[in-house]
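What follows is a single structure, written as structure tokens, with notes after it.
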Amino acid sequence: MRSRLRGVWRRVFALAWPVMAEQTLRTLMRTVDVVVTAAISPAAVVAVGLADLYARFPLRIGL
């Protein structure tokens, strides 16, 4: 039973790692956007945050 479960999890991870990597890089990209725009002004940080919300909204509907 345990070896079968381990095999299933290995297969799940093998299929899921590209999505996990993509989401991690997307989050890192947004974090870098906020850090870079923080050097400009607080209004720029708000603008990036709102743009991110509007960009993710169609994605969530599509999923």
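Going by the structure tokens order, chains are called A, B, ..., each with residues numbered from 1, while ligands are numbered from 1 in the order shown.
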ask   = Got a sec: who's within 12 Å of region 17-34 of chain A, counting only C-alpha atoms, leaving out chain neighbours fewer than 6 positions off, as a list in words?
value = Trp9, Arg10, Arg11, Ile40, Ser41, Pro42, Ala43, Ala44, Val45, Val46, Ala47, Val48, Gly49, Leu50, Ala51, Asp52, Leu53, Ala55 and Arg56 of chain A
Restricting the output to N, CA and C atoms, write the selected residues as a PDB file, in the first residue's frame.
ATOM      1  N   TRP A   9       2.357   9.638  -5.691  1.00  0.00           N
ATOM      2  CA  TRP A   9       2.869  10.968  -5.391  1.00  0.00           C
ATOM      3  C   TRP A   9       4.036  11.338  -6.292  1.00  0.00           C
ATOM      4  N   ARG A  10       4.850  10.368  -6.638  1.00  0.00           N
ATOM      5  CA  ARG A  10       5.947  10.653  -7.581  1.00  0.00           C
ATOM      6  C   ARG A  10       5.398  11.074  -8.936  1.00  0.00           C
ATOM      7  N   ARG A  11       4.359  10.388  -9.378  1.00  0.00           N
ATOM      8  CA  ARG A  11       3.751  10.734 -10.672  1.00  0.00           C
ATOM      9  C   ARG A  11       3.082  12.113 -10.610  1.00  0.00           C
ATOM     10  N   ILE A  40      10.548  54.319  -6.783  1.00  0.00           N
ATOM     11  CA  ILE A  40      10.010  55.451  -7.544  1.00  0.00           C
ATOM     12  C   ILE A  40       9.050  56.266  -6.684  1.00  0.00           C
ATOM     13  N   SER A  41       7.953  55.606  -6.258  1.00  0.00           N
ATOM     14  CA  SER A  41       6.982  56.320  -5.422  1.00  0.00           C
ATOM     15  C   SER A  41       5.946  55.327  -4.888  1.00  0.00           C
ATOM     16  N   PRO A  42       5.261  55.705  -3.828  1.00  0.00           N
ATOM     17  CA  PRO A  42       4.187  54.845  -3.323  1.00  0.00           C
ATOM     18  C   PRO A  42       3.048  54.668  -4.328  1.00  0.00           C
ATOM     19  N   ALA A  43       2.794  55.694  -5.111  1.00  0.00           N
ATOM     20  CA  ALA A  43       1.731  55.596  -6.111  1.00  0.00           C
ATOM     21  C   ALA A  43       2.079  54.558  -7.182  1.00  0.00           C
ATOM     22  N   ALA A  44       3.361  54.425  -7.488  1.00  0.00           N
ATOM     23  CA  ALA A  44       3.781  53.422  -8.470  1.00  0.00           C
ATOM     24  C   ALA A  44       3.563  52.014  -7.934  1.00  0.00           C
ATOM     25  N   VAL A  45       3.766  51.829  -6.629  1.00  0.00           N
ATOM     26  CA  VAL A  45       3.524  50.520  -6.019  1.00  0.00           C
ATOM     27  C   VAL A  45       2.042  50.183  -6.091  1.00  0.00           C
ATOM     28  N   VAL A  46       1.197  51.156  -5.823  1.00  0.00           N
ATOM     29  CA  VAL A  46      -0.247  50.949  -5.923  1.00  0.00           C
ATOM     30  C   VAL A  46      -0.628  50.608  -7.356  1.00  0.00           C
ATOM     31  N   ALA A  47      -0.047  51.298  -8.310  1.00  0.00           N
ATOM     32  CA  ALA A  47      -0.355  51.040  -9.713  1.00  0.00           C
ATOM     33  C   ALA A  47       0.039  49.616 -10.124  1.00  0.00           C
ATOM     34  N   VAL A  48       1.194  49.164  -9.669  1.00  0.00           N
ATOM     35  CA  VAL A  48       1.632  47.799  -9.987  1.00  0.00           C
ATOM     36  C   VAL A  48       0.711  46.781  -9.324  1.00  0.00           C
ATOM     37  N   GLY A  49       0.326  47.054  -8.083  1.00  0.00           N
ATOM     38  CA  GLY A  49      -0.589  46.147  -7.393  1.00  0.00           C
ATOM     39  C   GLY A  49      -1.938  46.046  -8.088  1.00  0.00           C
ATOM     40  N   LEU A  50      -2.487  47.168  -8.504  1.00  0.00           N
ATOM     41  CA  LEU A  50      -3.765  47.153  -9.223  1.00  0.00           C
ATOM     42  C   LEU A  50      -3.635  46.483 -10.586  1.00  0.00           C
ATOM     43  N   ALA A  51      -2.542  46.739 -11.265  1.00  0.00           N
ATOM     44  CA  ALA A  51      -2.335  46.096 -12.567  1.00  0.00           C
ATOM     45  C   ALA A  51      -2.240  44.582 -12.408  1.00  0.00           C
ATOM     46  N   ASP A  52      -1.604  44.141 -11.333  1.00  0.00           N
ATOM     47  CA  ASP A  52      -1.508  42.707 -11.078  1.00  0.00           C
ATOM     48  C   ASP A  52      -2.885  42.113 -10.824  1.00  0.00           C
ATOM     49  N   LEU A  53      -3.719  42.816 -10.064  1.00  0.00           N
ATOM     50  CA  LEU A  53      -5.083  42.327  -9.825  1.00  0.00           C
ATOM     51  C   LEU A  53      -5.864  42.205 -11.123  1.00  0.00           C
ATOM     52  N   ALA A  55      -4.673  41.872 -14.083  1.00  0.00           N
ATOM     53  CA  ALA A  55      -4.074  40.856 -14.939  1.00  0.00           C
ATOM     54  C   ALA A  55      -4.468  39.453 -14.493  1.00  0.00           C
ATOM     55  N   ARG A  56      -4.605  39.247 -13.190  1.00  0.00           N
ATOM     56  CA  ARG A  56      -4.936  37.920 -12.676  1.00  0.00           C
ATOM     57  C   ARG A  56      -6.433  37.616 -12.761  1.00  0.00           C
TER      58      ARG A  56
END
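Note that CA of Ala16 (chain A) and CA of Arg60 (chain A) are 18.3 Å apart.
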